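Visitor: Input structure: target-v6.cif, which contains mmCIF, C-alpha atoms.
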data_final
loop_
_atom_site.label_atom_id
_atom_site.label_comp_id
_atom_site.auth_asym_id
_atom_site.auth_seq_id
_atom_site.Cartn_x
_atom_site.Cartn_y
_atom_site.Cartn_z
CA MET G 1 88.38 65.19 92.02
CA ARG G 2 89.43 67.95 94.42
CA ILE G 3 90.43 66.52 97.81
CA VAL G 4 90.83 68.48 101.05
CA LEU G 5 92.95 66.79 103.71
CA SER G 6 93.10 68.23 107.23
CA VAL G 7 96.45 67.71 108.87
CA LEU G 8 98.13 68.47 112.15
CA PHE G 9 100.97 70.82 111.32
CA VAL G 10 103.03 71.16 114.46
CA LEU G 11 105.10 74.03 113.11
CA VAL G 12 102.10 76.30 113.66
CA SER G 13 100.55 74.37 116.52
CA ALA G 14 97.44 73.43 114.56
CA ARG G 15 94.62 72.00 116.65
CA ILE G 16 91.77 70.74 114.57
CA GLY G 17 88.38 71.38 116.15
CA PHE G 18 89.72 73.76 118.80
CA THR G 19 88.24 77.25 118.77
CA GLN G 20 89.93 80.42 119.90
CA PRO G 21 88.78 84.04 119.67
CA ASP G 22 90.14 85.95 116.69
CA ALA G 23 91.92 89.31 116.88
CA SER G 24 88.71 91.30 116.49
CA SER G 25 87.45 89.99 119.81
CA LEU G 26 90.81 90.32 121.55
CA ILE G 27 91.29 94.01 120.71
CA GLU G 28 88.83 96.84 121.20
CA THR G 29 88.93 100.40 119.89
CA GLU G 30 86.74 103.48 120.09
CA ALA G 31 87.40 104.14 116.39
CA THR G 32 84.41 103.48 114.13
CA HIS G 33 86.73 101.99 111.49
CA ALA G 34 90.12 100.38 112.05
CA ALA G 35 92.57 97.98 110.45
CA ILE G 36 96.02 96.62 111.20
CA LEU G 37 97.98 95.24 108.24
CA ASP G 38 101.18 93.21 108.27
CA PHE G 39 103.47 94.68 105.65
CA GLU G 40 105.48 91.55 104.81
CA THR G 41 102.55 89.19 104.24
CA GLY G 42 99.78 91.69 103.48
CA ALA G 43 97.65 89.92 106.09
CA VAL G 44 94.86 91.89 107.76
CA LEU G 45 95.70 91.26 111.41
CA PHE G 46 92.79 93.21 112.87
CA SER G 47 89.67 94.79 111.44
CA LYS G 48 86.79 96.75 112.85
CA ASN G 49 84.44 97.61 109.99
CA GLY G 50 87.62 97.48 107.95
CA ASN G 51 85.88 96.68 104.67
CA ASP G 52 83.08 99.19 105.17
CA LEU G 53 83.12 102.46 103.26
CA MET G 54 84.25 105.46 105.28
CA ILE G 55 84.93 109.15 104.71
CA PRO G 56 88.73 109.42 104.59
CA ALA G 57 88.99 113.23 104.89
CA SER G 58 92.62 114.30 104.36
CA MET G 59 93.85 110.71 104.29
CA THR G 60 92.61 111.08 100.70
CA LYS G 61 95.87 112.92 100.04
CA MET G 62 97.72 109.61 100.09
CA MET G 63 95.94 108.81 96.81
CA THR G 64 96.62 112.30 95.47
CA ALA G 65 100.30 111.66 96.15
CA GLN G 66 100.04 108.19 94.57
CA VAL G 67 98.96 109.68 91.24
CA VAL G 68 101.91 112.08 91.35
CA PHE G 69 104.33 109.28 92.31
CA ASP G 70 103.04 107.25 89.38
CA ARG G 71 103.52 110.13 86.94
CA LEU G 72 107.04 110.72 88.26
CA ARG G 73 108.00 107.06 87.96
CA ARG G 74 106.75 106.95 84.36
CA GLY G 75 108.77 110.05 83.53
CA GLU G 76 105.76 112.16 82.55
CA ILE G 77 106.77 114.89 85.01
CA GLY G 78 109.84 115.76 87.07
CA LEU G 79 110.29 117.00 90.61
CA THR G 80 111.52 120.38 89.34
CA ASP G 81 108.53 120.97 87.05
CA THR G 82 106.36 123.86 88.21
CA PHE G 83 102.62 124.57 88.22
CA THR G 84 100.84 127.88 88.66
CA THR G 85 98.51 128.49 91.60
CA SER G 86 95.04 129.35 90.35
CA GLU G 87 92.45 131.56 92.00
CA ARG G 88 90.40 128.44 92.75
CA ALA G 89 93.32 126.70 94.45
CA TRP G 90 93.95 129.79 96.57
CA ARG G 91 90.25 130.29 97.36
CA GLU G 92 89.60 126.65 98.34
CA GLY G 93 92.92 125.95 100.03
CA GLY G 94 94.68 129.18 100.98
CA TRP G 95 95.00 130.71 104.43
CA GLN G 96 91.60 132.42 104.17
CA SER G 97 89.85 129.03 103.61
CA GLY G 98 90.32 128.10 107.25
CA GLY G 99 91.47 124.58 106.32
CA SER G 100 94.90 123.01 106.20
CA THR G 101 97.08 124.93 103.77
CA MET G 102 100.55 125.19 102.31
CA GLY G 103 100.04 128.96 102.17
CA LEU G 104 100.15 129.45 98.41
CA ALA G 105 99.16 132.77 96.82
CA ILE G 106 97.57 133.29 93.40
CA GLY G 107 100.27 133.14 90.75
CA ASP G 108 102.80 131.22 92.86
CA GLU G 109 104.72 128.64 90.83
CA PRO G 110 105.87 125.93 93.25
CA SER G 111 107.71 122.85 91.97
CA VAL G 112 106.24 119.35 92.04
CA GLU G 113 108.60 118.48 94.90
CA GLU G 114 107.49 121.52 96.90
CA LEU G 115 103.86 120.70 96.22
CA LEU G 116 104.33 117.07 97.32
CA ARG G 117 105.73 118.29 100.63
CA GLY G 118 102.82 120.71 100.86
CA VAL G 119 100.39 117.80 100.39
CA ILE G 120 102.12 115.18 102.54
CA VAL G 121 103.70 117.17 105.37
CA LEU G 122 101.34 120.13 105.61
CA SER G 123 98.13 118.50 104.30
CA GLY G 124 97.70 121.60 102.13
CA ASN G 125 94.42 121.70 100.24
CA ASP G 126 95.85 124.40 97.98
CA ALA G 127 98.80 122.19 97.02
CA CYS G 128 96.40 119.37 96.12
CA VAL G 129 94.32 121.55 93.81
CA VAL G 130 97.42 122.99 92.10
CA LEU G 131 98.70 119.48 91.38
CA ALA G 132 95.27 118.30 90.22
CA GLU G 133 94.82 121.21 87.82
CA GLY G 134 98.39 121.04 86.60
CA LEU G 135 98.31 117.30 85.89
CA ALA G 136 94.74 116.77 84.67
CA GLY G 137 93.40 120.21 83.73
CA SER G 138 90.79 120.21 86.47
CA GLU G 139 90.28 118.72 89.91
CA GLU G 140 87.30 116.75 88.65
CA ALA G 141 89.38 115.08 85.94
CA PHE G 142 92.15 114.39 88.45
CA ALA G 143 89.67 112.76 90.85
CA ARG G 144 88.56 110.43 88.04
CA GLU G 145 92.21 109.53 87.51
CA MET G 146 92.57 108.84 91.24
CA THR G 147 89.60 106.46 91.16
CA ALA G 148 90.84 104.70 88.02
CA LEU G 149 94.33 104.21 89.48
CA ALA G 150 92.84 102.93 92.74
CA GLU G 151 90.87 100.32 90.79
CA GLU G 152 94.02 99.37 88.87
CA LEU G 153 95.81 98.86 92.19
CA GLY G 154 93.04 96.59 93.47
CA LEU G 155 91.53 99.14 95.88
CA SER G 156 88.01 98.24 94.86
CA SER G 157 86.22 100.22 97.58
CA ALA G 158 87.62 103.59 96.50
CA THR G 159 85.68 106.38 94.83
CA PHE G 160 87.29 109.82 94.84
CA GLU G 161 85.54 113.06 93.92
CA ASN G 162 88.30 115.53 94.78
CA SER G 163 92.03 115.67 95.55
CA THR G 164 91.76 117.17 99.04
CA GLY G 165 89.38 114.95 100.99
CA LEU G 166 86.93 117.77 101.61
CA TYR G 167 83.44 116.36 102.02
CA SER G 168 81.69 115.05 98.94
CA GLU G 169 78.73 112.68 99.02
CA ASN G 170 80.28 109.69 97.26
CA HIS G 171 83.92 110.23 98.26
CA ARG G 172 84.77 106.99 100.08
CA ILE G 173 87.34 104.24 100.72
CA SER G 174 87.65 101.43 103.29
CA ALA G 175 90.22 101.33 106.09
CA ILE G 176 91.70 98.11 104.70
CA ASP G 177 92.12 99.58 101.21
CA LEU G 178 93.75 102.66 102.72
CA ALA G 179 96.19 100.37 104.54
CA LYS G 180 96.87 98.54 101.27
CA LEU G 181 97.58 101.87 99.59
CA ALA G 182 100.13 102.63 102.30
CA LYS G 183 101.78 99.25 101.65
CA ILE G 184 101.97 99.98 97.93
CA GLN G 185 103.64 103.34 98.51
CA ILE G 186 106.19 101.93 100.95
CA GLU G 187 107.04 99.08 98.55
CA GLN G 188 107.06 100.94 95.27
CA TYR G 189 108.13 104.48 96.12
CA PRO G 190 110.59 104.43 99.05
CA GLU G 191 112.28 107.63 97.79
CA PHE G 192 108.96 109.51 97.94
CA TYR G 193 107.61 107.73 101.01
CA ALA G 194 110.39 109.46 102.96
CA PHE G 195 108.41 112.71 102.65
CA TYR G 196 105.89 111.31 105.15
CA ASN G 197 108.58 111.22 107.84
CA GLU G 198 109.46 114.91 107.62
CA ARG G 199 108.52 116.64 110.86
CA SER G 200 107.88 120.09 109.36
CA TYR G 201 108.00 122.07 106.14
CA GLU G 202 108.51 125.77 105.48
CA TRP G 203 106.99 127.80 102.69
CA ARG G 204 107.55 131.53 102.36
CA GLY G 205 109.18 131.71 105.77
CA ILE G 206 106.28 130.03 107.57
CA SER G 207 107.09 126.62 109.03
CA GLN G 208 104.28 124.22 109.93
CA PRO G 209 104.57 120.88 111.72
CA ASN G 210 103.57 117.46 110.41
CA ARG G 211 100.27 116.58 112.07
CA ASN G 212 101.05 112.86 112.53
CA PRO G 213 101.02 112.42 116.34
CA LEU G 214 103.11 109.22 116.22
CA LEU G 215 106.20 110.68 114.53
CA GLY G 216 108.87 110.89 117.21
CA LYS G 217 106.46 109.37 119.73
CA ILE G 218 106.81 105.68 118.85
CA LYS G 219 110.10 104.20 117.74
CA GLY G 220 110.16 103.29 114.07
CA VAL G 221 107.02 105.15 112.98
CA ASP G 222 107.80 106.94 109.70
CA GLY G 223 104.41 107.88 108.14
CA LEU G 224 101.70 108.47 106.95
CA LYS G 225 98.71 110.87 107.07
CA THR G 226 96.04 112.34 109.33
CA GLY G 227 92.49 113.23 108.39
CA HIS G 228 89.60 115.15 109.93
CA LEU G 229 86.17 116.41 108.98
CA GLU G 230 83.28 117.19 111.26
CA ILE G 231 81.25 114.43 109.63
CA SER G 232 83.98 111.76 109.69
CA GLY G 233 85.78 112.46 112.96
CA TYR G 234 89.53 112.21 113.43
CA GLY G 235 91.53 109.58 111.57
CA LEU G 236 95.07 108.47 110.90
CA ALA G 237 96.94 106.10 108.61
CA ALA G 238 100.32 105.26 110.16
CA SER G 239 103.17 102.84 109.61
CA GLY G 240 106.34 101.86 111.43
CA VAL G 241 109.07 99.26 111.75
CA GLN G 242 110.27 97.51 114.89
CA ASN G 243 112.63 94.54 115.07
CA GLY G 244 112.51 94.15 111.32
CA GLU G 245 108.70 93.93 111.15
CA ARG G 246 106.52 96.65 109.65
CA ARG G 247 102.90 97.22 110.55
CA ILE G 248 100.33 99.60 109.07
CA VAL G 249 97.51 100.98 111.23
CA VAL G 250 94.44 102.85 109.96
CA LEU G 251 91.71 104.24 112.19
CA ASN G 252 88.92 106.74 111.76
CA GLY G 253 85.88 108.20 113.49
CA LEU G 254 87.39 109.41 116.77
CA ASP G 255 85.86 112.47 118.39
CA SER G 256 88.93 114.57 119.23
CA ILE G 257 92.58 115.19 118.39
CA GLN G 258 93.48 113.84 121.82
CA LYS G 259 91.52 110.62 121.25
CA ARG G 260 93.22 110.18 117.89
CA ALA G 261 96.65 110.61 119.43
CA GLN G 262 95.90 108.23 122.29
CA GLU G 263 94.13 105.54 120.28
CA SER G 264 96.58 105.55 117.40
CA GLU G 265 99.47 105.18 119.85
CA ARG G 266 97.71 102.33 121.63
CA LEU G 267 96.86 100.46 118.42
CA MET G 268 100.33 100.95 116.97
CA ARG G 269 101.93 99.57 120.12
CA LEU G 270 99.53 96.61 120.03
CA ALA G 271 100.39 96.07 116.38
CA PHE G 272 103.93 95.20 117.49
CA THR G 273 103.28 93.54 120.85
CA ALA G 274 100.09 91.53 120.30
CA PHE G 275 100.95 90.19 116.84
CA GLU G 276 103.85 88.24 115.47
CA SER G 277 105.12 86.64 112.29
CA ARG G 278 106.34 83.06 112.09
CA VAL G 279 108.47 81.68 109.28
CA ILE G 280 107.98 78.03 108.31
CA GLU G 281 110.94 76.83 106.29
CA PRO G 282 110.89 73.92 103.83
CA SER G 283 112.24 70.72 105.37
CA ALA G 284 113.17 67.19 104.34
CA ASP G 285 110.66 66.00 106.93
CA PRO G 286 107.25 65.38 105.32
CA ILE G 287 104.20 67.32 106.40
CA ALA G 288 101.81 64.69 104.98
CA GLU G 289 101.53 61.67 102.68
CA LEU G 290 99.19 61.64 99.69
CA PRO G 291 97.82 58.55 97.90
CA VAL G 292 99.35 57.66 94.53
CA TRP G 293 97.70 55.72 91.68
CA MET G 294 99.74 53.31 89.53
CA GLY G 295 102.93 53.87 91.52
CA VAL G 296 105.53 51.47 92.86
CA GLU G 297 104.81 53.21 96.15
CA ARG G 298 101.23 53.76 97.29
CA THR G 299 101.91 57.19 98.77
CA VAL G 300 104.16 60.17 98.23
CA GLN G 301 105.58 62.33 100.99
CA ILE G 302 105.10 66.06 100.51
CA GLY G 303 106.74 69.19 101.85
CA LEU G 304 106.72 72.95 101.36
CA GLU G 305 108.00 74.34 98.09
CA GLU G 306 109.15 77.53 99.76
CA ALA G 307 109.09 79.26 103.12
CA ILE G 308 105.75 80.57 104.41
CA ILE G 309 105.51 83.71 106.52
CA ILE G 310 102.39 83.68 108.71
CA SER G 311 101.32 86.74 110.68
CA GLY G 312 98.59 86.93 113.29
CA HIS G 313 97.60 87.56 116.86
CA LYS G 314 99.84 85.54 119.16
CA ARG G 315 96.88 83.71 120.70
CA ALA G 316 95.39 82.92 117.28
CA PHE G 317 98.28 80.58 116.44
CA GLU G 318 96.90 78.19 119.05
CA ALA G 319 93.83 77.69 116.87
CA ALA G 320 95.47 77.50 113.44
CA THR G 321 93.98 74.88 111.11
CA THR G 322 95.91 73.33 108.26
CA GLN G 323 94.62 71.65 105.12
CA ILE G 324 96.28 70.08 102.09
CA VAL G 325 94.27 70.52 98.89
CA PHE G 326 95.10 68.39 95.83
CA ASP G 327 93.49 66.82 92.79
CA GLU G 328 92.88 63.07 93.06
CA PRO G 329 94.10 60.76 91.71
CA LEU G 330 97.81 61.59 91.81
CA GLN G 331 99.17 59.26 89.17
CA ALA G 332 102.73 57.95 88.87
CA PRO G 333 105.29 58.68 87.70
CA ILE G 334 105.84 61.60 90.07
CA PRO G 335 109.26 63.29 89.98
CA ILE G 336 110.84 64.78 93.08
CA GLY G 337 109.92 68.47 93.35
CA ALA G 338 106.67 68.13 91.40
CA ARG G 339 103.89 70.47 92.59
CA LEU G 340 101.06 68.33 93.89
CA GLY G 341 98.69 70.81 95.52
CA GLU G 342 98.69 73.53 98.12
CA ILE G 343 98.77 73.93 101.87
CA ILE G 344 96.20 76.28 103.39
CA ILE G 345 96.85 77.58 106.91
CA THR G 346 94.03 79.54 108.53
CA LEU G 347 94.12 81.60 111.70
CA PRO G 348 90.74 82.57 113.19
CA GLY G 349 89.34 85.76 111.72
CA GLN G 350 91.94 86.04 108.95
CA ASP G 351 92.24 85.21 105.29
CA PRO G 352 94.11 81.92 104.71
CA PHE G 353 97.82 81.68 103.97
CA ARG G 354 98.51 79.50 100.91
CA SER G 355 101.62 77.88 99.46
CA SER G 356 102.44 75.05 97.07
CA VAL G 357 103.42 71.58 98.30
CA ILE G 358 105.84 69.37 96.37
CA ALA G 359 106.90 65.71 96.20
CA LEU G 360 109.88 64.99 98.45
CA HIS G 361 110.88 61.90 96.46
CA ASP G 362 110.33 60.18 93.14
CA VAL G 363 107.49 57.70 92.74
CA ARG G 364 108.10 55.39 89.80
CA GLU G 365 105.28 54.05 87.65
CA LEU G 366 104.33 50.37 87.93
CA GLY G 367 105.37 48.06 85.11
CA PHE G 368 102.84 46.59 82.67
CA PHE G 369 101.77 43.67 84.85
CA GLY G 370 101.68 45.87 87.92
CA ARG G 371 99.39 48.35 86.16
CA VAL G 372 97.10 45.48 85.09
CA ALA G 373 96.97 44.16 88.66
CA GLU G 374 96.29 47.65 90.01
CA GLY G 375 93.49 48.14 87.51
CA LEU G 376 91.88 44.82 88.42
CA SER G 377 92.20 45.63 92.11
CA GLN G 378 90.50 48.98 91.55
CA MET G 379 87.68 47.33 89.59
CA LEU G 380 87.10 44.82 92.39
CA THR G 381 87.14 47.57 94.95
CA ASN G 382 84.57 49.54 92.99
CA ASP G 383 82.36 46.42 92.62
CA ASP G 384 82.49 45.78 96.37
CA ALA G 385 81.59 49.39 97.04
CA ALA G 386 78.64 49.15 94.65
CA ASN G 387 77.38 45.98 96.32
#
What do you get writing this file as structure tokens?
Guide:
Amino acid sequence: MRIVLSVLFVLVSARIGFTQPDASSLIETEATHAAILDFETGAVLFSKNGNDLMIPASMTKMMTAQVVFDRLRRGEIGLTDTFTTSERAWREGGWQSGGSTMGLAIGDEPSVEELLRGVIVLSGNDACVVLAEGLAGSEEAFAREMTALAEELGLSSATFENSTGLYSENHRISAIDLAKLAKIQIEQYPEFYAFYNERSYEWRGISQPNRNPLLGKIKGVDGLKTGHLEISGYGLAASGVQNGERRIVVLNGLDSIQKRAQESERLMRLAFTAFESRVIEPSADPIAELPVWMGVERTVQIGLEEAIIISGHKRAFEAATTQIVFDEPLQAPIPIGARLGEIIITLPGQDPFRSSVIALHDVRELGFFGRVAEGLSQMLTNDDAAN
């Protein structure tokens, strides 16, 4: 039988039955969609419509880059490989298109590395289409690959219909999944993630700046990508490190470039000042005692198997609740270090943090006569309960 035991865990100041507002009520934003993600734990620290589908605009290009990163890592292409700029890529993404562009001309043969910088630094729609056609034969086929890879990565909200982020009816992703994509790129592709931190890029003698308003503005910010369409408003996915902690911020739906710059700066600063991570190390001191059946001792002391890192709003720690979940009965013999269940620590408004708990000492099994006596005692107890 599955047993849930609530415990007071002083290491996180758990207070059973005490309520405290979660981060969503402690932080406000004008953005229609927003999320703050802790990089180390993957915890969603703040969400405003974070799981709802949104139009990502040019933040789509993070997924375009992800497909290229994946192909590079698997050795299917190299950074020096070249692709030819088609008439379609020029028409839909060149200077005359009026959108963000790398400035490619028909027949240009940029390398994969040059195209990645065109996508990431310059947000070039032409660079996206050239990569899509070069890697998949058509942009439509490439978009299907984007969606399939997103699903493989666990980004279940994502449906992509192009490589650029230009408006398409079913082209959507959530703010939280976009933040998770940023985490994946930082973890898995640090050598390519560095492109996001480049302040400008020059093609054919024309230098254009990176549009990320937080680069150089907030210490430690080193990525990622802006987005804007009339229908979606202004958005940004950004990440940075301060004091050894990395946060990822995604917001969308703001009504001006100025609002995006101001709100993204405010949320990024809050991401570092309003939230914190606490490390709970394993200890010889028990966190709870669990009942044991057929043991020389009636209980076993338990502790953490490994350290837990918990991230959340500083005020939310005051309302943390802690539970031990285990299968009853725990039957002797129990060796020291045996996994006996899990500890679940929940901060208001966040997904729980989970970790295994282990026996801190051996519990020997009763001898024959002891087991008989224990069995009789249990039978009598059951009879009394029935009566």
Visitor: Quick one: everything within 8 Å of G:Ala57, counting only C-alpha atoms, minus sequence neighbours fewer than 2 positions away in the same chain. Send it as a list in words.
Guide: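 Surrounding residues, per the criterion: Ile55, Met59, Thr60, Thr164, Gly165, Leu166, Tyr167, Gly227, His228, Leu229 and Ser232 of chain G.
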Visitor: Which residues fall under the PyMOL selection byres ((chain G and resi 298) around 12) in this file, as a PyMOL selection string?
Guide: chain G and resi 289-297+299-301+329-334+362-366+374
Visitor: What does the file look like for those residues with C-alpha atoms, as a compact mmCIF listing (two decimals), keeping the file's coordinate frame?
Guide:
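Output saved as result_9.txt:
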# COMPACT_ATOMS: atom_id res chain seq x y z
CA GLU G 289 101.53 61.67 102.68
CA LEU G 290 99.19 61.64 99.69
CA PRO G 291 97.82 58.55 97.90
CA VAL G 292 99.35 57.66 94.53
CA TRP G 293 97.70 55.72 91.68
CA MET G 294 99.74 53.31 89.53
CA GLY G 295 102.93 53.87 91.52
CA VAL G 296 105.53 51.47 92.86
CA GLU G 297 104.81 53.21 96.15
CA THR G 299 101.91 57.19 98.77
CA VAL G 300 104.16 60.17 98.23
CA GLN G 301 105.58 62.33 100.99
CA PRO G 329 94.10 60.76 91.71
CA LEU G 330 97.81 61.59 91.81
CA GLN G 331 99.17 59.26 89.17
CA ALA G 332 102.73 57.95 88.87
CA PRO G 333 105.29 58.68 87.70
CA ILE G 334 105.84 61.60 90.07
CA ASP G 362 110.33 60.18 93.14
CA VAL G 363 107.49 57.70 92.74
CA ARG G 364 108.10 55.39 89.80
CA GLU G 365 105.28 54.05 87.65
CA LEU G 366 104.33 50.37 87.93
CA GLU G 374 96.29 47.65 90.01
Visitor: Return as a list in words the set of residues that the PyMOL selection byres ((chain G and resi 219) around 10) yields on the displayed structure.
Guide: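 Those residues are Leu214, Leu215, Gly216, Lys217, Ile218, Gly220, Val221, Asp222, Gly240, Val241, Gln242 and Arg269 of chain G.
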Visitor: Using all atoms listed in the file, which residue out of G:Pro56, G:Gly137, G:Gly98, G:Pro213 lies closest to G:Ala238?
Guide: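 Answer, going by the shortest atom-to-atom distance: G:Pro213.
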Visitor: With all atoms listed in the file counted, which protein, DNA or RNA residues have an atom no more than 8 Å from (81.8, 109.1, 116.6) in the file frame? Please answer as a list in words.
Guide: Ala31, Thr32, Ser232, Gly233, Gly253, Leu254 and Asp255 of chain G
Visitor: On this structure, the PyMOL selection byres ((chain G and resi 86) around 9) would catch which residues? List them as a PyMOL selection string, sorted by chain and number.
Guide: chain G and resi 84-85+87-91+105-108+129-130+133
Visitor: Could you give me, as an MDAnalysis selection string, the residues within 6 Å of G:Asn125, counting all atoms listed in the file and dropping anything in the same chain fewer than 3 positions from it?
Guide: chainID G and resid 93 101 128 164
Visitor: Under the rule that all atoms listed in the file are counted, which of G:Ile206, G:Ile77, G:Met146, G:Ile336 is the nearest residue to G:Gly118?
Guide: G:Ile206
Visitor: May I ask which of the residues G:Thr322, G:Thr64, G:Tyr193, G:Leu178 is the closest one to G:Ala143, counting all atoms listed in the file?
Guide: G:Thr64
Visitor: To one decimal place, how far is atom CA of G:Ile173 from atom CA of G:Phe160 in Å?
Guide: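 Between atom CA of G:Ile173 and atom CA of G:Phe160 the gap works out to 8.1 Å.
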Visitor: Would you list the contacts of G:Ala261 as a list in words, taking every protein, DNA or RNA residue within 9 Å and counting all atoms listed in the file, but skipping same-chain residues closer than 4 positions in sequence?
Guide: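 Residues meeting the cut-off are Asn212, Pro213, Leu214, Leu236, Ser256, Ile257, Glu265 and Arg266 of chain G.
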Visitor: Please determine the residues with any atom at most 12 Å from (80.9, 99.8, 103.0) (coordinates as given in the file, with all atoms listed in the file counting) and report them as a PyMOL selection string.
Guide: chain G and resi 33+48-55+156-159+170-177
Visitor: In Å, rounded to a single decimal, give me how far atom CA of G:Gln96 is from atom CA of G:Tyr201.
Guide: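 So the two atoms, atom CA of G:Tyr201 and atom CA of G:Gln96, lie 19.5 Å apart.
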Visitor: For atom CA of G:Ser283 and atom CA of G:Gln323, quote the distance in Å rounded to one decimal.
Guide: 17.6 Å
Visitor: Between G:Met63, G:Arg315, G:Ile344, G:Pro190, which one has atoms that come closest to G:Ala148, using only C-alpha atoms?
Guide: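 Answer, going by the shortest atom-to-atom distance: G:Met63.
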Visitor: How big is the axis-aligned box, and where does its centre sit, when it encloses all atoms of stretch 128-147 of chain G listed in the file and has 6 Å added on every side, reported in Å to one decimal as JSON?
Guide:
{"center_x": 93.0, "center_y": 114.7, "center_z": 89.9, "size_x": 23.4, "size_y": 28.5, "size_z": 24.4}
Visitor: Excluding G:Val44 and residues on its chain fewer than 2 positions from it, collect all residues at most 8 Å away from it, counting only C-alpha atoms, and give them as a PyMOL selection string.
Guide: chain G and resi 35-38+42+46-47+176+350-351
Visitor: G:Val112, G:Leu360, G:Ala274, G:Val325: which is nearest G:Leu72, counting all atoms listed in the file?
Guide: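 Among the listed residues, G:Val112 lies closest to G:Leu72.
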Visitor: Closest to G:Ala271 among G:Ile27, G:Ile231, G:Met62, G:Val68, using all atoms listed in the file?
Guide: G:Ile27
Visitor: So that I can see what lies close to G:Gln208, please list as a ChimeraX atom specification the residues with an atom at most 12 Å from it, counting all atoms listed in the file and leaving out residues fewer than 2 positions away in the same chain.
Guide: /G:100-103,117-118,120-124,198-206,210-211
Visitor: For those residues, write C-alpha atoms to a file as a tab-separated table (two decimals), in the coordinates of the input.
Guide:
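Once everything was written out, this is selection.tsv:
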chain	number	residue	atom	x	y	z
G	100	SER	CA	94.90	123.01	106.20
G	101	THR	CA	97.08	124.93	103.77
G	102	MET	CA	100.55	125.19	102.31
G	103	GLY	CA	100.04	128.96	102.17
G	117	ARG	CA	105.73	118.29	100.63
G	118	GLY	CA	102.82	120.71	100.86
G	120	ILE	CA	102.12	115.18	102.54
G	121	VAL	CA	103.70	117.17	105.37
G	122	LEU	CA	101.34	120.13	105.61
G	123	SER	CA	98.13	118.50	104.30
G	124	GLY	CA	97.70	121.60	102.13
G	198	GLU	CA	109.46	114.91	107.62
G	199	ARG	CA	108.52	116.64	110.86
G	200	SER	CA	107.88	120.09	109.36
G	201	TYR	CA	108.00	122.07	106.14
G	202	GLU	CA	108.51	125.77	105.48
G	203	TRP	CA	106.99	127.80	102.69
G	204	ARG	CA	107.55	131.53	102.36
G	205	GLY	CA	109.18	131.71	105.77
G	206	ILE	CA	106.28	130.03	107.57
G	210	ASN	CA	103.57	117.46	110.41
G	211	ARG	CA	100.27	116.58	112.07
